[in-house]
file input17.cif (mmCIF, C-alpha atoms and all ligand atoms)
data_work
loop_
_atom_site.label_atom_id
_atom_site.label_comp_id
_atom_site.auth_asym_id
_atom_site.auth_seq_id
_atom_site.Cartn_x
_atom_site.Cartn_y
_atom_site.Cartn_z
CA MET A 1 -171.80 -77.37 -138.79
CA THR A 2 -174.65 -75.54 -140.53
CA THR A 3 -174.16 -72.13 -142.17
CA GLN A 4 -176.52 -70.59 -139.60
CA GLN A 5 -174.40 -72.02 -136.80
CA THR A 6 -171.20 -70.58 -138.31
CA CYS A 7 -172.91 -67.18 -138.57
CA LEU A 8 -174.10 -67.30 -134.97
CA ASP A 9 -170.60 -68.14 -133.69
CA ARG A 10 -169.37 -64.73 -134.85
CA TYR A 11 -171.69 -63.05 -132.39
CA PHE A 12 -170.62 -64.79 -129.17
CA ARG A 13 -168.30 -62.77 -126.98
CA ALA A 14 -164.78 -64.03 -127.63
CA HIS A 15 -163.87 -64.45 -123.95
CA VAL A 16 -167.10 -66.39 -123.30
CA ARG A 17 -166.30 -68.82 -126.11
CA GLU A 18 -162.92 -69.41 -124.40
CA LEU A 19 -164.43 -70.28 -120.99
CA GLU A 20 -164.34 -73.84 -119.71
CA PRO A 21 -167.92 -75.13 -119.25
CA TYR A 22 -169.07 -75.54 -115.66
CA VAL A 23 -169.37 -79.21 -114.71
CA PRO A 24 -172.29 -79.43 -112.27
CA PRO A 25 -171.95 -81.72 -109.25
CA GLU A 26 -174.12 -84.82 -109.18
CA ALA A 27 -177.15 -84.98 -106.90
CA LEU A 28 -177.03 -87.21 -103.81
CA GLU A 29 -179.71 -89.47 -105.33
CA ILE A 30 -177.55 -90.15 -108.39
CA LEU A 31 -174.37 -90.70 -106.37
CA ALA A 32 -176.21 -93.09 -104.05
CA TYR A 33 -177.89 -94.90 -106.97
CA ARG A 34 -174.49 -95.51 -108.53
CA ALA A 35 -173.24 -96.98 -105.25
CA GLY A 36 -176.38 -99.14 -105.10
CA LEU A 37 -177.46 -97.47 -101.86
CA ASP A 38 -180.51 -95.77 -100.44
CA PRO A 39 -179.58 -92.03 -100.11
CA ALA A 40 -180.69 -92.33 -96.48
CA HIS A 41 -177.70 -94.64 -95.94
CA ALA A 42 -175.18 -92.34 -97.58
CA SER A 43 -173.10 -89.47 -96.18
CA LYS A 44 -172.95 -86.30 -98.25
CA LEU A 45 -169.73 -84.71 -97.06
CA ASP A 46 -168.75 -82.93 -100.26
CA PHE A 47 -170.26 -79.42 -100.20
CA ASN A 48 -169.91 -78.29 -96.59
CA GLU A 49 -173.65 -78.11 -96.05
CA ASN A 50 -175.23 -78.39 -92.61
CA PRO A 51 -176.48 -82.00 -92.33
CA TYR A 52 -179.01 -81.03 -89.64
CA GLY A 53 -180.78 -78.56 -91.95
CA PRO A 54 -182.39 -75.32 -90.83
CA SER A 55 -184.47 -74.56 -87.77
CA PRO A 56 -187.98 -76.15 -87.73
CA ARG A 57 -189.23 -72.55 -87.67
CA VAL A 58 -188.02 -72.24 -91.27
CA SER A 59 -190.37 -75.05 -92.40
CA GLU A 60 -193.24 -73.44 -90.48
CA ALA A 61 -192.56 -70.06 -92.09
CA LEU A 62 -192.34 -71.60 -95.55
CA ALA A 63 -195.55 -73.61 -95.02
CA SER A 64 -197.48 -70.41 -94.39
CA LEU A 65 -195.75 -68.38 -97.09
CA GLY A 66 -198.15 -65.90 -98.69
CA ASN A 67 -197.98 -63.39 -101.52
CA VAL A 68 -196.06 -65.56 -103.93
CA HIS A 69 -197.97 -63.84 -106.77
CA LEU A 70 -196.18 -60.61 -105.85
CA TYR A 71 -192.53 -59.76 -106.49
CA PRO A 72 -190.28 -60.07 -103.44
CA ASP A 73 -188.98 -57.07 -101.52
CA PRO A 74 -186.03 -55.97 -103.72
CA ILE A 75 -184.09 -54.66 -100.75
CA ALA A 76 -185.10 -57.41 -98.31
CA GLY A 77 -185.90 -54.87 -95.58
CA GLU A 78 -187.08 -57.28 -92.90
CA LEU A 79 -184.13 -59.60 -93.36
CA ARG A 80 -181.65 -56.73 -93.29
CA GLY A 81 -183.26 -55.56 -90.04
CA GLU A 82 -182.69 -58.99 -88.45
CA LEU A 83 -179.19 -59.19 -89.85
CA ALA A 84 -178.22 -55.78 -88.49
CA ALA A 85 -178.71 -57.11 -84.98
CA TYR A 86 -177.05 -60.47 -85.78
CA ALA A 87 -173.98 -58.94 -87.44
CA GLY A 88 -173.72 -55.86 -85.22
CA MET A 89 -173.89 -53.57 -88.27
CA ASP A 90 -176.29 -50.90 -89.58
CA VAL A 91 -179.14 -51.90 -91.87
CA ASP A 92 -177.57 -49.64 -94.52
CA ASP A 93 -174.29 -51.61 -94.39
CA ILE A 94 -176.04 -54.74 -95.72
CA LEU A 95 -176.97 -55.97 -99.20
CA ILE A 96 -178.72 -59.30 -99.71
CA GLY A 97 -177.75 -61.64 -102.53
CA SER A 98 -178.85 -64.91 -104.05
CA GLY A 99 -176.01 -66.83 -102.47
CA ALA A 100 -172.46 -65.61 -101.90
CA ASP A 101 -171.69 -66.66 -105.47
CA GLU A 102 -173.99 -63.93 -106.74
CA LEU A 103 -172.28 -61.44 -104.45
CA ILE A 104 -168.87 -62.48 -105.80
CA SER A 105 -170.20 -61.72 -109.26
CA LEU A 106 -171.58 -58.38 -108.06
CA VAL A 107 -168.19 -57.37 -106.67
CA VAL A 108 -166.53 -58.20 -109.97
CA SER A 109 -169.21 -56.23 -111.88
CA VAL A 110 -168.50 -53.21 -109.72
CA PHE A 111 -164.70 -53.20 -109.90
CA VAL A 112 -163.34 -55.26 -112.77
CA GLU A 113 -163.01 -53.91 -116.32
CA PRO A 114 -162.05 -56.35 -119.12
CA GLY A 115 -158.33 -57.01 -118.80
CA ASP A 116 -158.13 -55.97 -115.13
CA VAL A 117 -156.27 -58.24 -112.74
CA VAL A 118 -157.65 -59.71 -109.52
CA VAL A 119 -155.60 -61.64 -106.97
CA ASP A 120 -156.61 -64.83 -105.22
CA LEU A 121 -154.61 -66.82 -102.70
CA THR A 122 -154.35 -70.41 -103.88
CA PRO A 123 -155.48 -72.96 -103.04
CA THR A 124 -158.80 -71.22 -102.50
CA TYR A 125 -162.44 -71.08 -103.57
CA SER A 126 -162.53 -71.30 -107.35
CA MET A 127 -165.40 -68.88 -107.98
CA TYR A 128 -163.24 -65.76 -107.51
CA GLY A 129 -161.19 -66.71 -110.56
CA GLY A 130 -164.11 -68.25 -112.44
CA VAL A 131 -166.35 -65.19 -112.16
CA THR A 132 -163.47 -62.87 -113.05
CA LEU A 133 -162.93 -64.79 -116.29
CA GLN A 134 -166.67 -64.51 -117.04
CA HIS A 135 -166.19 -60.74 -116.86
CA ALA A 136 -163.11 -60.84 -119.13
CA GLY A 137 -160.78 -60.06 -116.22
CA LYS A 138 -157.48 -61.79 -115.44
CA VAL A 139 -156.54 -63.77 -112.36
CA VAL A 140 -153.19 -63.87 -110.62
CA HIS A 141 -152.92 -66.78 -108.18
CA VAL A 142 -150.59 -65.98 -105.28
CA PRO A 143 -149.71 -69.30 -103.62
CA ARG A 144 -150.13 -69.63 -99.88
CA GLY A 145 -147.25 -70.81 -97.68
CA ASP A 146 -146.74 -74.26 -96.15
CA ARG A 147 -149.20 -73.55 -93.32
CA TRP A 148 -151.54 -71.90 -95.86
CA GLU A 149 -150.55 -68.44 -94.61
CA VAL A 150 -150.90 -65.45 -96.95
CA ASP A 151 -147.78 -64.33 -98.78
CA VAL A 152 -148.32 -60.64 -97.97
CA PRO A 153 -145.26 -59.25 -99.82
CA ALA A 154 -146.28 -61.13 -102.98
CA VAL A 155 -149.84 -59.74 -102.78
CA LEU A 156 -148.54 -56.21 -102.15
CA ALA A 157 -146.34 -56.57 -105.24
CA GLU A 158 -149.43 -57.46 -107.33
CA ILE A 159 -151.28 -54.49 -105.91
CA GLU A 160 -148.32 -52.32 -106.86
CA ARG A 161 -148.60 -53.72 -110.41
CA GLY A 162 -152.24 -52.57 -110.52
CA ALA A 163 -154.42 -55.44 -109.24
CA LYS A 164 -158.00 -54.24 -108.80
CA VAL A 165 -159.37 -56.67 -106.18
CA VAL A 166 -157.84 -59.05 -103.62
CA TRP A 167 -159.87 -62.10 -102.55
CA VAL A 168 -159.22 -63.43 -99.06
CA CYS A 169 -161.29 -66.41 -97.96
CA SER A 170 -161.34 -66.79 -94.16
CA PRO A 171 -161.69 -69.51 -93.06
CA ASN A 172 -160.28 -70.52 -96.40
CA ASN A 173 -161.98 -73.13 -98.53
CA PRO A 174 -160.48 -75.76 -98.95
CA THR A 175 -157.63 -75.40 -96.42
CA GLY A 176 -159.73 -74.45 -93.35
CA SER A 177 -157.17 -71.80 -92.35
CA LEU A 178 -158.03 -68.40 -90.90
CA ALA A 179 -156.58 -65.12 -92.15
CA THR A 180 -154.88 -63.05 -89.45
CA GLU A 181 -154.94 -59.30 -88.79
CA GLU A 182 -151.21 -59.20 -89.61
CA GLU A 183 -151.99 -60.55 -93.06
CA VAL A 184 -155.10 -58.50 -93.83
CA MET A 185 -154.19 -55.05 -92.45
CA PRO A 186 -151.32 -54.29 -94.88
CA LEU A 187 -153.65 -55.17 -97.77
CA LEU A 188 -156.41 -52.90 -96.44
CA GLU A 189 -153.91 -50.08 -95.96
CA THR A 190 -153.27 -49.99 -99.72
CA GLY A 191 -156.85 -48.83 -100.39
CA VAL A 192 -157.43 -51.60 -102.95
CA PRO A 193 -160.78 -53.43 -102.56
CA VAL A 194 -160.18 -56.43 -100.29
CA VAL A 195 -162.97 -59.00 -100.15
CA LEU A 196 -163.11 -61.15 -97.03
CA ASP A 197 -165.23 -64.18 -97.86
CA GLU A 198 -166.54 -65.27 -94.47
CA ALA A 199 -168.88 -68.01 -95.72
CA TYR A 200 -167.72 -70.18 -92.78
CA TYR A 201 -167.50 -67.32 -90.27
CA GLU A 202 -169.69 -68.88 -87.56
CA PHE A 203 -167.41 -71.92 -87.27
CA SER A 204 -164.40 -69.71 -86.57
CA ARG A 205 -166.15 -67.01 -84.51
CA HIS A 206 -163.73 -64.58 -86.12
CA THR A 207 -164.72 -61.67 -88.36
CA PHE A 208 -163.14 -58.65 -89.99
CA ALA A 209 -166.52 -56.88 -90.36
CA PRO A 210 -166.00 -54.12 -87.73
CA LEU A 211 -163.05 -52.84 -89.80
CA ILE A 212 -165.51 -51.70 -92.49
CA ARG A 213 -166.00 -48.50 -90.45
CA THR A 214 -162.31 -47.66 -90.85
CA TYR A 215 -161.64 -49.19 -94.25
CA PRO A 216 -164.27 -48.41 -96.92
CA ASN A 217 -162.34 -50.74 -99.25
CA LEU A 218 -163.20 -53.79 -97.06
CA ILE A 219 -166.07 -55.96 -98.28
CA VAL A 220 -167.28 -58.92 -96.20
CA LEU A 221 -169.38 -61.72 -97.69
CA ARG A 222 -171.36 -64.24 -95.64
CA THR A 223 -173.95 -66.89 -96.46
CA PHE A 224 -176.95 -68.75 -95.09
CA SER A 225 -175.82 -71.86 -97.02
CA LYS A 226 -173.53 -73.24 -94.34
CA LEU A 227 -174.39 -73.04 -90.62
CA ALA A 228 -177.93 -71.70 -91.25
CA GLY A 229 -178.69 -74.73 -93.43
CA LEU A 230 -180.35 -72.87 -96.32
CA ALA A 231 -178.09 -73.74 -99.26
CA GLY A 232 -181.10 -74.66 -101.39
CA LEU A 233 -182.76 -71.28 -100.93
CA ARG A 234 -179.80 -69.16 -102.09
CA ILE A 235 -179.44 -66.36 -99.53
CA ALA A 236 -176.28 -64.52 -98.55
CA TYR A 237 -175.24 -61.00 -97.56
CA MET A 238 -172.57 -58.42 -98.16
CA LEU A 239 -171.35 -56.08 -95.41
CA ALA A 240 -169.65 -53.03 -96.87
CA SER A 241 -169.25 -49.27 -96.79
CA ARG A 242 -171.95 -47.03 -98.26
CA SER A 243 -169.70 -46.13 -101.17
CA VAL A 244 -169.34 -49.78 -102.20
CA LEU A 245 -173.02 -50.57 -101.62
CA ASP A 246 -174.19 -47.53 -103.65
CA GLN A 247 -172.38 -48.94 -106.69
CA ALA A 248 -173.38 -52.55 -105.97
CA HIS A 249 -177.07 -51.55 -105.85
CA LYS A 250 -176.76 -50.17 -109.37
CA VAL A 251 -175.67 -53.52 -110.83
CA LYS A 252 -177.77 -55.84 -108.63
CA LEU A 253 -180.84 -57.25 -110.40
CA PRO A 254 -183.87 -55.79 -108.58
CA PHE A 255 -185.48 -59.13 -107.64
CA ASN A 256 -182.33 -61.14 -107.08
CA THR A 257 -183.63 -63.12 -104.10
CA THR A 258 -186.94 -64.89 -103.60
CA HIS A 259 -189.64 -64.19 -101.06
CA ALA A 260 -189.15 -67.76 -99.79
CA GLY A 261 -185.43 -67.22 -99.29
CA GLN A 262 -185.94 -63.98 -97.39
CA VAL A 263 -188.66 -65.43 -95.13
CA ALA A 264 -186.58 -68.53 -94.43
CA ALA A 265 -183.51 -66.50 -93.52
CA VAL A 266 -185.53 -64.32 -91.12
CA ALA A 267 -186.96 -67.44 -89.44
CA ALA A 268 -183.48 -68.99 -89.19
CA LEU A 269 -182.06 -65.85 -87.58
CA ARG A 270 -184.92 -65.71 -85.06
CA ASP A 271 -184.01 -69.18 -83.81
CA ARG A 272 -180.54 -68.43 -82.46
CA GLU A 273 -180.79 -71.29 -79.99
CA TYR A 274 -181.13 -73.79 -82.82
CA MET A 275 -178.19 -72.30 -84.70
CA ALA A 276 -176.07 -72.30 -81.53
CA ALA A 277 -176.94 -75.96 -80.85
CA ASN A 278 -176.02 -76.91 -84.44
CA LEU A 279 -172.77 -75.01 -84.14
CA GLU A 280 -171.87 -76.82 -80.92
CA ALA A 281 -172.75 -80.20 -82.42
CA LEU A 282 -170.65 -79.58 -85.54
CA LEU A 283 -167.66 -78.20 -83.63
CA THR A 284 -167.75 -81.17 -81.26
CA GLU A 285 -167.98 -83.53 -84.23
CA ARG A 286 -165.10 -81.78 -85.97
CA GLU A 287 -162.83 -82.54 -83.00
CA ARG A 288 -164.05 -86.17 -82.83
CA LEU A 289 -163.49 -86.59 -86.56
CA ILE A 290 -159.95 -85.17 -86.33
CA ALA A 291 -159.09 -87.51 -83.45
CA LEU A 292 -160.50 -90.60 -85.19
CA LEU A 293 -158.79 -89.79 -88.50
CA ARG A 294 -155.45 -89.36 -86.74
CA GLU A 295 -155.87 -92.74 -85.07
CA GLN A 296 -156.96 -94.46 -88.27
CA GLY A 297 -153.91 -93.11 -90.05
CA GLU A 298 -154.96 -93.04 -93.72
CA LEU A 299 -156.00 -89.37 -93.76
CA ASP A 300 -153.98 -86.64 -92.12
CA PRO A 301 -156.19 -83.61 -91.42
CA TYR A 302 -154.92 -80.03 -91.40
CA PRO A 303 -156.16 -77.87 -88.50
CA SER A 304 -159.50 -76.28 -89.43
CA ASP A 305 -161.55 -73.26 -88.35
CA ALA A 306 -164.43 -74.32 -90.60
CA ASN A 307 -166.94 -77.19 -90.92
CA PHE A 308 -164.65 -79.21 -93.16
CA LEU A 309 -161.22 -80.79 -93.03
CA LEU A 310 -158.59 -80.85 -95.72
CA CYS A 311 -156.80 -84.17 -95.33
CA ARG A 312 -153.62 -85.49 -96.95
CA THR A 313 -153.94 -89.05 -98.12
CA SER A 314 -151.06 -91.45 -97.94
CA GLY A 315 -151.20 -91.91 -101.70
CA ASP A 316 -153.85 -92.13 -104.37
CA ALA A 317 -156.50 -89.50 -103.48
CA PRO A 318 -158.69 -90.02 -106.59
CA GLY A 319 -158.66 -93.78 -105.93
CA LEU A 320 -159.63 -93.32 -102.29
CA HIS A 321 -162.33 -90.85 -103.37
CA ARG A 322 -163.82 -93.56 -105.63
CA GLU A 323 -163.58 -96.25 -102.94
CA LEU A 324 -165.34 -94.06 -100.40
CA ALA A 325 -168.06 -93.15 -102.92
CA ALA A 326 -168.65 -96.84 -103.62
CA ARG A 327 -169.37 -97.18 -99.88
CA GLY A 328 -171.78 -94.23 -99.79
CA VAL A 329 -169.35 -91.61 -98.46
CA PHE A 330 -169.13 -88.63 -100.80
CA VAL A 331 -166.20 -86.23 -100.24
CA ARG A 332 -164.33 -83.80 -102.52
CA HIS A 333 -161.14 -84.25 -104.46
CA PHE A 334 -159.59 -81.26 -106.28
CA PRO A 335 -157.23 -82.15 -109.12
CA LYS A 336 -155.23 -79.00 -108.45
CA PRO A 337 -151.60 -78.26 -107.63
CA ARG A 338 -150.58 -78.87 -104.00
CA ILE A 339 -153.89 -80.47 -103.00
CA ASP A 340 -154.06 -83.20 -105.61
CA ASP A 341 -153.22 -85.80 -102.95
CA CYS A 342 -155.84 -84.42 -100.53
CA LEU A 343 -159.53 -84.97 -99.87
CA ARG A 344 -161.82 -82.33 -98.37
CA ILE A 345 -164.35 -83.78 -95.97
CA SER A 346 -167.31 -81.85 -94.54
CA VAL A 347 -168.05 -82.35 -90.87
CA GLY A 348 -171.32 -84.27 -90.59
CA ARG A 349 -173.35 -86.00 -87.90
CA PRO A 350 -171.76 -88.66 -85.65
CA GLU A 351 -173.22 -91.37 -87.92
CA ASP A 352 -171.48 -89.75 -90.92
CA THR A 353 -168.15 -89.86 -89.09
CA ASP A 354 -168.79 -93.52 -88.22
CA ARG A 355 -169.67 -94.37 -91.83
CA LEU A 356 -166.52 -92.62 -93.09
CA LEU A 357 -164.30 -94.41 -90.58
CA ALA A 358 -165.88 -97.79 -91.33
CA ALA A 359 -165.32 -97.21 -95.06
CA LEU A 360 -161.71 -96.14 -94.47
CA ASP A 361 -161.10 -99.24 -92.38
CA GLN A 362 -162.44 -101.40 -95.20
CA VAL A 363 -160.42 -99.67 -97.91
CA ARG A 364 -157.19 -99.17 -95.97
CA PRO A 365 -157.22 -101.34 -92.84
CA ALA A 366 -156.72 -99.41 -89.62
CA THR A 367 -153.50 -99.65 -87.67
CA ARG A 368 -153.61 -102.05 -84.75
CA GLN A 369 -153.21 -99.14 -82.36
CA ALA A 370 -156.35 -97.47 -83.76
CA GLU A 371 -158.40 -100.65 -83.45
CA ALA A 372 -157.30 -101.05 -79.86
CA VAL A 373 -158.32 -97.45 -79.03
CA ARG A 374 -161.75 -97.84 -80.63
CA ALA A 375 -162.49 -101.29 -79.20
C1 LIG B 1 -165.74 -69.83 -99.53
C2 LIG B 1 -167.08 -69.90 -100.16
N1 LIG B 1 -167.66 -68.78 -100.57
C3 LIG B 1 -168.86 -68.79 -101.14
C4 LIG B 1 -169.55 -69.97 -101.33
C5 LIG B 1 -170.87 -69.95 -102.02
O1 LIG B 1 -171.90 -69.84 -101.09
P1 LIG B 1 -173.39 -69.66 -101.54
O2 LIG B 1 -174.05 -70.98 -101.37
O3 LIG B 1 -173.93 -68.63 -100.58
O4 LIG B 1 -173.41 -69.18 -102.96
C6 LIG B 1 -168.99 -71.18 -100.90
C7 LIG B 1 -169.70 -72.45 -101.09
O5 LIG B 1 -169.21 -73.51 -100.89
C8 LIG B 1 -167.72 -71.14 -100.30
O6 LIG B 1 -167.11 -72.25 -99.90
#
call {"tool": "encode", "arguments": {"input": "input17.cif", "output": "structure tokens", "more": "lines below"}}
Ligand SMILES: Cc1ncc(COP(=O)(O)O)c(C=O)c1O
result
Amino acid sequence: MTTQQTCLDRYFRAHVRELEPYVPPEALEILAYRAGLDPAHASKLDFNENPYGPSPRVSEALASLGNVHLYPDPIAGELRGELAAYAGMDVDDILIGSGADELISLVVSVFVEPGDVVVDLTPTYSMYGGVTLQHAGKVVHVPRGDRWEVDVPAVLAEIERGAKVVWVCSPNNPTGSLATEEEVMPLLETGVPVVLDEAYYEFSRHTFAPLIRTYPNLIVLRTFSKLAGLAGLRIAYMLASRSVLDQAHKVKLPFNTTHAGQVAAVAALRDREYMAANLEALLTERERLIALLREQGELDPYPSDANFLLCRTSGDAPGLHRELAARGVFVRHFPKPRIDDCLRISVGRPEDTDRLLAALDQVRPATRQAEAVRA
């Protein structure tokens, strides 16, 4: 190590030096190349994206995008107008972010001092903990029950000990389970900021957003990355009370979203028919996928209110993950407690389900009963 390097090291923030580096996921092209396949013949079922993509109106709007030499609208006025009608909220209850991940970071910036504790409900989306560590906060993981229900007394005990934020993902990634009113209300009653991450809200048709009027400590996050099919354009929104949004506006970077992202999201929202048709197709496919997996027998899916299924394997999940990838089916494995023997599979198009089932049959031959049903 050079002397200059040793000198520079003294200046890095200590908690940043301690962070684990982020390992980026590999692009579909690379995954497919490794499997020796054309990406067109692969199924990307690892990030819960919408395989149908956004409304054709989004492409039209992007093709005629003007004013790219000007900065975007920092408060995304037109998009917030459309969203107010979509979400049944006031324009002033909405803040637009560059993906829900940015909004998670914004929430932490607003509430978490170095050393403060936040609570997440494991297994859950890893960014709540990851972003908290970036801000020198601490994370307490309260494990969910056997049916992935929230351990309310345990969370209340952490709040009593001084936790600053509680993260509730509903439907929860990766378990697919929905939070109930019985679980969320006691948390809201404490007055502690409770963040309901509703990234998969449309698939469950269940929201806590109307409670914002009664509970100014409730913050709801949603995204255009899932049903709306705009993951690549990084657009999401926060629904919250004026007191939360006043503070969030102070720490938000002025031009956090792009003109392209805003225009695309407006176009997507104006084509409700397309979104509804996609939703129907994905919900229908979710049920077909569940039925076929149960027949096949290798993967045992948990019930899901989202566009993905958490499935127990009968054994070696990392091995099965590799075998599926070699056949052009890319799913997620989390080497984490309690879900280490599971795979998370996004709901895709019928051809994705067929490819997955064919690969499973090759790797772990189907039961005779399953073959008879499918024949
Ligand atoms: C629960 C949850 N919240 C937030 C996000 C991030 O969404 P975005 O693409 O809007 O940053 C994801 C992405 O997978 C997610 O699963």
call {"tool": "residues_near_ligand", "arguments": {"input": "input17.cif", "ligand": "ligand LIG 1 (chain B)", "cutoff": "9 Å", "atoms": "all atoms listed in the file", "output": "ChimeraX atom specification"}}
result
/A:47-49,97-104,124-128,169-174,197-200,221-226,230-237
call {"tool": "write_last_selection", "arguments": {"input": "input17.cif", "atoms": "C-alpha atoms", "output": "mmCIF file, keeping the file's coordinate frame"}}
result
data_model
loop_
_atom_site.group_PDB
_atom_site.id
_atom_site.type_symbol
_atom_site.label_atom_id
_atom_site.label_comp_id
_atom_site.auth_asym_id
_atom_site.auth_seq_id
_atom_site.Cartn_x
_atom_site.Cartn_y
_atom_site.Cartn_z
ATOM 1 C CA PHE A 47 -170.260 -79.420 -100.200
ATOM 2 C CA ASN A 48 -169.910 -78.290 -96.590
ATOM 3 C CA GLU A 49 -173.650 -78.110 -96.050
ATOM 4 C CA GLY A 97 -177.750 -61.640 -102.530
ATOM 5 C CA SER A 98 -178.850 -64.910 -104.050
ATOM 6 C CA GLY A 99 -176.010 -66.830 -102.470
ATOM 7 C CA ALA A 100 -172.460 -65.610 -101.900
ATOM 8 C CA ASP A 101 -171.690 -66.660 -105.470
ATOM 9 C CA GLU A 102 -173.990 -63.930 -106.740
ATOM 10 C CA LEU A 103 -172.280 -61.440 -104.450
ATOM 11 C CA ILE A 104 -168.870 -62.480 -105.800
ATOM 12 C CA THR A 124 -158.800 -71.220 -102.500
ATOM 13 C CA TYR A 125 -162.440 -71.080 -103.570
ATOM 14 C CA SER A 126 -162.530 -71.300 -107.350
ATOM 15 C CA MET A 127 -165.400 -68.880 -107.980
ATOM 16 C CA TYR A 128 -163.240 -65.760 -107.510
ATOM 17 C CA CYS A 169 -161.290 -66.410 -97.960
ATOM 18 C CA SER A 170 -161.340 -66.790 -94.160
ATOM 19 C CA PRO A 171 -161.690 -69.510 -93.060
ATOM 20 C CA ASN A 172 -160.280 -70.520 -96.400
ATOM 21 C CA ASN A 173 -161.980 -73.130 -98.530
ATOM 22 C CA PRO A 174 -160.480 -75.760 -98.950
ATOM 23 C CA ASP A 197 -165.230 -64.180 -97.860
ATOM 24 C CA GLU A 198 -166.540 -65.270 -94.470
ATOM 25 C CA ALA A 199 -168.880 -68.010 -95.720
ATOM 26 C CA TYR A 200 -167.720 -70.180 -92.780
ATOM 27 C CA LEU A 221 -169.380 -61.720 -97.690
ATOM 28 C CA ARG A 222 -171.360 -64.240 -95.640
ATOM 29 C CA THR A 223 -173.950 -66.890 -96.460
ATOM 30 C CA PHE A 224 -176.950 -68.750 -95.090
ATOM 31 C CA SER A 225 -175.820 -71.860 -97.020
ATOM 32 C CA LYS A 226 -173.530 -73.240 -94.340
ATOM 33 C CA LEU A 230 -180.350 -72.870 -96.320
ATOM 34 C CA ALA A 231 -178.090 -73.740 -99.260
ATOM 35 C CA GLY A 232 -181.100 -74.660 -101.390
ATOM 36 C CA LEU A 233 -182.760 -71.280 -100.930
ATOM 37 C CA ARG A 234 -179.800 -69.160 -102.090
ATOM 38 C CA ILE A 235 -179.440 -66.360 -99.530
ATOM 39 C CA ALA A 236 -176.280 -64.520 -98.550
ATOM 40 C CA TYR A 237 -175.240 -61.000 -97.560
#
call {"tool": "atom_distance", "arguments": {"input": "input17.cif", "atom1": "atom CA of Ser55 of chain A", "atom2": "atom CA of Arg80 of chain A"}}
result
18.9 Å
call {"tool": "closest_atom_pairs", "arguments": {"input": "input17.cif", "of": "segment 94-185 of chain A", "to": "segment 4-13 of chain A", "cutoff": "12 Å", "atoms": "all atoms listed in the file", "output": "JSON lines"}}
result
{"residue": "A:Pro114", "atom": "CA", "partner": "A:Arg13", "partner_atom": "CA", "distance": 11.9}
{"residue": "A:Gln134", "atom": "CA", "partner": "A:Arg13", "partner_atom": "CA", "distance": 10.2}
{"residue": "A:His135", "atom": "CA", "partner": "A:Arg13", "partner_atom": "CA", "distance": 10.5}
{"residue": "A:Ala136", "atom": "CA", "partner": "A:Arg13", "partner_atom": "CA", "distance": 9.6}
call {"tool": "write_last_selection", "arguments": {"input": "input17.cif", "atoms": "C-alpha atoms", "output": "mmCIF file, in the coordinates of the input"}}
result
data_model
loop_
_atom_site.group_PDB
_atom_site.id
_atom_site.type_symbol
_atom_site.label_atom_id
_atom_site.label_comp_id
_atom_site.auth_asym_id
_atom_site.auth_seq_id
_atom_site.Cartn_x
_atom_site.Cartn_y
_atom_site.Cartn_z
ATOM 1 C CA PRO A 114 -162.050 -56.350 -119.120
ATOM 2 C CA GLN A 134 -166.670 -64.510 -117.040
ATOM 3 C CA HIS A 135 -166.190 -60.740 -116.860
ATOM 4 C CA ALA A 136 -163.110 -60.840 -119.130
#
call {"tool": "closest_residue", "arguments": {"input": "input17.cif", "among": "A:Thr122, A:Asn256, A:Thr190, A:Thr313", "to": "Pro72 of chain A", "atoms": "only C-alpha atoms"}}
result
A:Asn256
call {"tool": "atom_distance", "arguments": {"input": "input17.cif", "atom1": "atom CA of Leu62 of chain A", "atom2": "atom CA of Thr258 of chain A"}}
result
11.8 Å
call {"tool": "residues_around", "arguments": {"input": "input17.cif", "residues": "Gly176 of chain A", "least_positions_apart": "3", "cutoff": "7 Å", "atoms": "only C-alpha atoms", "output": "number ranges by chain"}}
result
A: 171-173, 303-306, 308-310
call {"tool": "atom_distance", "arguments": {"input": "input17.cif", "atom1": "atom CA of Lys44 of chain A", "atom2": "atom CA of Leu282 of chain A"}}
result
14.6 Å
call {"tool": "residues_around", "arguments": {"input": "input17.cif", "residues": "Asp300 of chain A", "least_positions_apart": "3", "cutoff": "9 Å", "atoms": "only C-alpha atoms", "output": "list of chain:residue names"}}
result
A:Ile290, A:Leu293, A:Arg294, A:Gly297, A:Leu310, A:Cys311, A:Arg312, A:Thr313, A:Ser314, A:Cys342
call {"tool": "residues_around", "arguments": {"input": "input17.cif", "residues": "Glu183 of chain A", "least_positions_apart": "5", "cutoff": "9 Å", "atoms": "all atoms listed in the file", "output": "compact mmCIF listing (two decimals) with C-alpha atoms, in the frame of the given file"}}
result
# COMPACT_ATOMS: atom_id res chain seq x y z
CA GLU A 149 -150.55 -68.44 -94.61
CA VAL A 150 -150.90 -65.45 -96.95
CA ASP A 151 -147.78 -64.33 -98.78
CA VAL A 152 -148.32 -60.64 -97.97
call {"tool": "residues_near_point", "arguments": {"input": "input17.cif", "point": "(-174.7, -83.1, -93.2)", "cutoff": "8 Å", "atoms": "all atoms listed in the file", "output": "number ranges by chain"}}
result
A: 43-45, 48-53, 346-349, 352
call {"tool": "write_last_selection", "arguments": {"input": "input17.cif", "atoms": "C-alpha atoms", "output": "compact mmCIF listing (two decimals), in the coordinates of the input"}}
result
# COMPACT_ATOMS: atom_id res chain seq x y z
CA SER A 43 -173.10 -89.47 -96.18
CA LYS A 44 -172.95 -86.30 -98.25
CA LEU A 45 -169.73 -84.71 -97.06
CA ASN A 48 -169.91 -78.29 -96.59
CA GLU A 49 -173.65 -78.11 -96.05
CA ASN A 50 -175.23 -78.39 -92.61
CA PRO A 51 -176.48 -82.00 -92.33
CA TYR A 52 -179.01 -81.03 -89.64
CA GLY A 53 -180.78 -78.56 -91.95
CA SER A 346 -167.31 -81.85 -94.54
CA VAL A 347 -168.05 -82.35 -90.87
CA GLY A 348 -171.32 -84.27 -90.59
CA ARG A 349 -173.35 -86.00 -87.90
CA ASP A 352 -171.48 -89.75 -90.92
